[in-house]
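A quick write-up on the structure given underneath.
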Amino acid sequence: MSTSFIYHALGLVGYQFLKPLFEKGKIYFLVRKHSGKLRCPECNSHRIKLKGTVTRNFKSIPMGKKQIILSVIIQRVQCNECHCLKQIKLGFADPQKTYSRAFARYVLELLKFATIKDVARHLNISWDTVKEIQKEYLLKHFSNPQLTNLKQIAIDEISIGKKHRYLTIVLDVTTGAVIFIGEGKDADSLKPFWKKIRSAKAEIEAVAIDMSPAYIQAVRENLPNALIVFDHFHIIKLFNDKLSELRRQLYYEITDYLQSQTLKGIRWLLLKNPENLDEQRNEKELLEKALTVNKPLATAYYLKEDLRQLWNQASKAEAQKFLDYWIAKARASGVRMLIKFANTMAAHRTGILAYYDYPISTGPLEGTNNKIKTMQRQSYGFRDKEFFKLKIFAIHQSRYALIG
Ligand SMILES: [Zn+2]
């Protein structure tokens with residue numbers, strides 16, 4: 001086998017091929033470094049004395065279904081310059097590893113469309129080896145997200161696992177990359193992030209968050225120059241929650257049996273967007289019937305439909321007018337829940353309308369969130385927290401969250 005073949009096929013530079021050995025379905029390639037290429041591993045001097053050899057095996061890229069093992073005769077040398085006594089540098093594998101770098105690259109290629117489990121089974125190596133290769137790659141490329149050019153971010157928490165553990169996730173809205181993962185869901189979980197932002201001297205222009213006071217305060221304190229944009233998905237969800245509460249409350253107040261039954265049946269219909277109501281199941285009719293007999297609920301329902309339009313206005317000025325009109329209508333409704341909600345909207349007016357300066361939201365975090373949940377359901381879950389976090393940092397580059 002020629003030197004250039006073992007270079008191109010196996011990733012070995014400066015090695016000579018001695019012979020193949022066949023054993024238990026595996027092919028061993030016995031190789032050693034060309035004597036002319038031997039150098040001191042410390043000072044690179046060629047003035048060396050040979051001091052014995054050891055033979056070590058390294059996994060290499062398979063040929064078809066055949067495992068290929070490099071049996072490498074490793075020369076120990078004594079240096080006449082620096083006087084060290086050491087094994088020569090291998091070049092094709094990292095120290096302490098039992099596989100070549102070409103093999104690791106091959107594993108990473110397979111991991112783009114197969115799970116750790118699949119790759120381990122396919123290559124007949126352990127799950128841990130595949131994971132180790134992936135973890136080293138992730139550590140090298142994703143452990144230190146670039147923050148210097150960060151301009152627009154979204155912050156949100158996600159709950160993971162059955163025990164309702166929380167992670168606070170910060171996303172670069174422009175690239176879609178997760179740039180920070182904090183433990184927990186309070187303002188404290190963001191403290192390390194602000195520190196990183198300061199040392200990177202990032203000048204963040206806009207931040208999408210929900211209306212929770214803890215986030216507002218944390219952003220104001222740490223990014224005084226950034227514009228806060230209240231996430232519209234959260235606002236609509238908050239309104240939907242209040243709408244459900246109102247329905248429940250009315251249901252318990254009503255003494256008329258038939259009326260209370262109409263209210264009971266529309267629980268989910270209230271939260272649906274009208275365009276999604278199922279005509280075949282008479283959903284529209286059922287909803288309208290319940291709303292006719294229940295004025296407060298009807299008012300709240302139509303205000304919900306209006307509210308969605310707040311983010312579809314032609315300009316910021318139009319949106320301003322729209323919001324003020326919406327607040328006025330809600331306040332005039334006489335329904336306590338709506339008046340309260342109108343006050344919340346009024347108090348957060350600037351941040352709600354800031355959407356028209358920076359049309360950002362925590363929406364992209366939803367997709368990331370789903371991928372994290374898929375990942376988290378897999379066996380590796382939280383056994384290795386660092387690995388889990390690295391996988392999250394790399395998530396925007398993976399088309400699927402692959403099952404481990
Ligand atoms: Zn030396």
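Lettering and numbering for the structure tokens are positional, with chains as A, B, ... in the shown order, residues counted from 1 in each chain, and ligands counted from 1 in the shown order.
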I want to know what sits within 8 Å of stretch 102-107 of chain A, based on only C-alpha atoms, with residues of the same chain fewer than 3 positions away left out; could you give that as a VMD selection string? chain A and resid 10 to 11 59 to 61 92 99 110 to 111 119 130 133
Nearby polymer residues, ligand 1, at most 6 Å, only C-alpha atoms and all ligand atoms, as a PDB file with C-alpha atoms, in the first residue's frame:
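The file below, pocket-v9.pdb, is the result:
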ATOM      1  CA  CYS A  40      11.881  14.729  18.949  1.00  0.00           C
ATOM      2  CA  GLU A  42       9.493  18.271  22.336  1.00  0.00           C
ATOM      3  CA  CYS A  43      11.925  20.303  20.218  1.00  0.00           C
ATOM      4  CA  ASN A  44      11.387  18.739  16.798  1.00  0.00           C
ATOM      5  CA  SER A  45      15.095  17.932  16.450  1.00  0.00           C
ATOM      6  CA  CYS A  79      16.722  13.555  22.033  1.00  0.00           C
ATOM      7  CA  GLU A  81      19.257  18.339  21.940  1.00  0.00           C
ATOM      8  CA  CYS A  82      16.749  18.555  24.787  1.00  0.00           C
ATOM      9  CA  HIS A  83      17.521  15.115  26.270  1.00  0.00           C
ATOM     10  CA  CYS A  84      13.887  14.087  26.645  1.00  0.00           C
TER      11      CYS A  84
END
Using only C-alpha atoms, which of A:Leu271, A:Leu223, A:Ala154, A:Ala218 sits nearest A:Lys237?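 Answer, going by the shortest atom-to-atom distance: A:Leu271.
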Determine the nearest neighbour of A:Pro364 from the options A:Leu50, A:Ile153, A:Leu338, A:Leu21, counting only C-alpha atoms.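 Between A:Leu50, A:Ile153, A:Leu338, A:Leu21, the residue approaching A:Pro364 most closely is A:Ile153.
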Atom CA of A:Arg336 and atom CA of A:Thr350 are how many Å apart?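 Distance between the two atoms: 23.4 Å.
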Distance query A:Arg247 at most 9 Å, only C-alpha atoms, self and fewer than 5 positions along chain excluded, as a list in words: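 The contact residues come out as Lys242, Tyr252, Leu263, Lys264, Ile266, Arg267, Leu270 and Leu297 of chain A.
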Output file for the selection above: N, CA, C and O atoms, as a tab-separated table (two decimals), in the first residue's frame:
chain	number	residue	atom	x	y	z
A	242	LYS	N	-56.70	34.92	30.95
A	242	LYS	CA	-57.70	35.73	31.67
A	242	LYS	C	-59.10	35.42	31.14
A	242	LYS	O	-60.08	35.41	31.90
A	252	TYR	N	-69.50	29.51	37.26
A	252	TYR	CA	-69.87	29.24	38.64
A	252	TYR	C	-70.94	30.20	39.17
A	252	TYR	O	-71.68	29.89	40.08
A	263	LEU	N	-72.00	27.45	28.51
A	263	LEU	CA	-70.69	28.01	28.86
A	263	LEU	C	-69.65	26.93	29.02
A	263	LEU	O	-68.48	27.09	28.67
A	264	LYS	N	-70.07	25.81	29.55
A	264	LYS	CA	-69.15	24.70	29.80
A	264	LYS	C	-68.54	24.19	28.49
A	264	LYS	O	-67.36	23.93	28.39
A	266	ILE	N	-67.92	25.60	25.67
A	266	ILE	CA	-67.14	26.45	24.76
A	266	ILE	C	-65.74	26.76	25.28
A	266	ILE	O	-65.04	27.61	24.74
A	267	ARG	N	-65.37	26.06	26.34
A	267	ARG	CA	-64.08	26.33	26.97
A	267	ARG	C	-62.93	26.47	25.96
A	267	ARG	O	-62.18	27.44	25.98
A	270	LEU	N	-63.32	29.27	22.84
A	270	LEU	CA	-62.97	30.66	23.15
A	270	LEU	C	-61.53	30.97	22.79
A	270	LEU	O	-61.20	32.09	22.42
A	297	LEU	N	-68.65	37.95	28.57
A	297	LEU	CA	-67.80	37.01	27.84
A	297	LEU	C	-67.67	37.41	26.38
A	297	LEU	O	-66.59	37.35	25.79
Applying 10 Å and only C-alpha atoms, which residues near A:Ile197 remain after dropping the ones on its own chain fewer than 2 positions away? List them as a VMD selection string. chain A and resid 146 to 148 150 192 to 195 199 to 204 222 to 223
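Proximity ranking of A:His141, A:Ile125, A:Lys49, A:Ile27 relative to A:Met63 places A:Ile27 first, based on only C-alpha atoms.
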Going by DSSP on the backbone, which residues of stretch 112-332 of chain A come out as strand (DSSP E)? List them as a VMD selection string. chain A and resid 152 to 160 165 to 172 178 to 183 206 to 209 227 to 230
Atoms to include: N, CA and C atoms. Write the selected residues as a short mmCIF file (atom, residue, chain, number, x, y, z; two decimals), in the first residue's frame.
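The result, written out as out-v2.cif:
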data_model
loop_
_atom_site.label_atom_id
_atom_site.label_comp_id
_atom_site.auth_asym_id
_atom_site.auth_seq_id
_atom_site.Cartn_x
_atom_site.Cartn_y
_atom_site.Cartn_z
N GLN A 152 -29.74 42.19 18.81
CA GLN A 152 -31.13 41.96 19.23
C GLN A 152 -31.24 40.58 19.87
N ILE A 153 -31.83 40.57 21.05
CA ILE A 153 -31.93 39.29 21.75
C ILE A 153 -33.36 39.04 22.24
N ALA A 154 -33.63 37.79 22.53
CA ALA A 154 -34.91 37.41 23.14
C ALA A 154 -34.59 36.57 24.37
N ILE A 155 -35.31 36.84 25.44
CA ILE A 155 -35.08 36.10 26.69
C ILE A 155 -36.39 35.43 27.10
N ASP A 156 -36.30 34.17 27.48
CA ASP A 156 -37.50 33.48 27.97
C ASP A 156 -37.06 32.28 28.79
N GLU A 157 -37.98 31.81 29.63
CA GLU A 157 -37.61 30.61 30.39
C GLU A 157 -38.35 29.42 29.80
N ILE A 158 -37.77 28.25 29.98
CA ILE A 158 -38.47 27.05 29.56
C ILE A 158 -38.47 26.08 30.73
N SER A 159 -39.53 25.29 30.80
CA SER A 159 -39.55 24.29 31.87
C SER A 159 -39.17 22.96 31.25
N ILE A 160 -38.36 22.22 31.97
CA ILE A 160 -37.92 20.94 31.41
C ILE A 160 -38.10 19.83 32.44
N ARG A 165 -38.13 21.84 36.35
CA ARG A 165 -36.89 22.60 36.43
C ARG A 165 -36.97 23.67 35.36
N TYR A 166 -36.35 24.77 35.62
CA TYR A 166 -36.40 25.85 34.64
C TYR A 166 -35.01 26.22 34.13
N LEU A 167 -34.97 26.60 32.86
CA LEU A 167 -33.76 27.18 32.30
C LEU A 167 -34.16 28.52 31.69
N THR A 168 -33.30 29.51 31.84
CA THR A 168 -33.53 30.78 31.18
C THR A 168 -32.64 30.82 29.94
N ILE A 169 -33.27 31.02 28.79
CA ILE A 169 -32.56 30.94 27.52
C ILE A 169 -32.48 32.33 26.89
N VAL A 170 -31.29 32.68 26.42
CA VAL A 170 -31.14 33.93 25.66
C VAL A 170 -30.79 33.57 24.22
N LEU A 171 -31.53 34.17 23.29
CA LEU A 171 -31.36 33.87 21.88
C LEU A 171 -30.88 35.11 21.12
N ASP A 172 -29.95 34.91 20.21
CA ASP A 172 -29.59 35.97 19.27
C ASP A 172 -30.66 35.94 18.18
N VAL A 178 -28.78 30.07 20.29
CA VAL A 178 -28.85 30.23 21.74
C VAL A 178 -27.47 30.73 22.19
N ILE A 179 -27.45 31.81 22.97
CA ILE A 179 -26.15 32.36 23.36
C ILE A 179 -25.91 32.28 24.86
N PHE A 180 -26.97 31.96 25.59
CA PHE A 180 -26.78 31.81 27.03
C PHE A 180 -27.86 30.90 27.60
N ILE A 181 -27.44 30.07 28.56
CA ILE A 181 -28.40 29.21 29.26
C ILE A 181 -28.19 29.41 30.74
N GLY A 182 -29.19 29.93 31.42
CA GLY A 182 -29.09 30.15 32.87
C GLY A 182 -29.91 29.12 33.62
N GLU A 183 -29.44 28.77 34.80
CA GLU A 183 -30.19 27.83 35.63
C GLU A 183 -31.27 28.59 36.38
N ALA A 206 -32.03 45.95 21.26
CA ALA A 206 -33.40 45.60 21.61
C ALA A 206 -33.49 44.22 22.23
N VAL A 207 -34.41 44.10 23.19
CA VAL A 207 -34.59 42.85 23.91
C VAL A 207 -36.07 42.48 23.93
N ALA A 208 -36.39 41.28 23.46
CA ALA A 208 -37.78 40.80 23.55
C ALA A 208 -37.93 39.97 24.82
N ILE A 209 -38.91 40.37 25.64
CA ILE A 209 -39.19 39.63 26.88
C ILE A 209 -40.71 39.63 27.12
N LEU A 227 -33.77 48.85 23.98
CA LEU A 227 -35.22 49.02 23.92
C LEU A 227 -35.87 47.70 24.32
N ILE A 228 -36.84 47.79 25.23
CA ILE A 228 -37.58 46.57 25.61
C ILE A 228 -38.78 46.40 24.69
N VAL A 229 -38.90 45.21 24.11
CA VAL A 229 -40.05 44.90 23.26
C VAL A 229 -40.82 43.77 23.94
N PHE A 230 -42.06 44.06 24.33
CA PHE A 230 -42.83 42.99 24.98
C PHE A 230 -43.36 42.02 23.94
#
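With atom CA of A:His348 on one side and atom CA of A:Asn369 on the other, the separation reads 25.9 Å.
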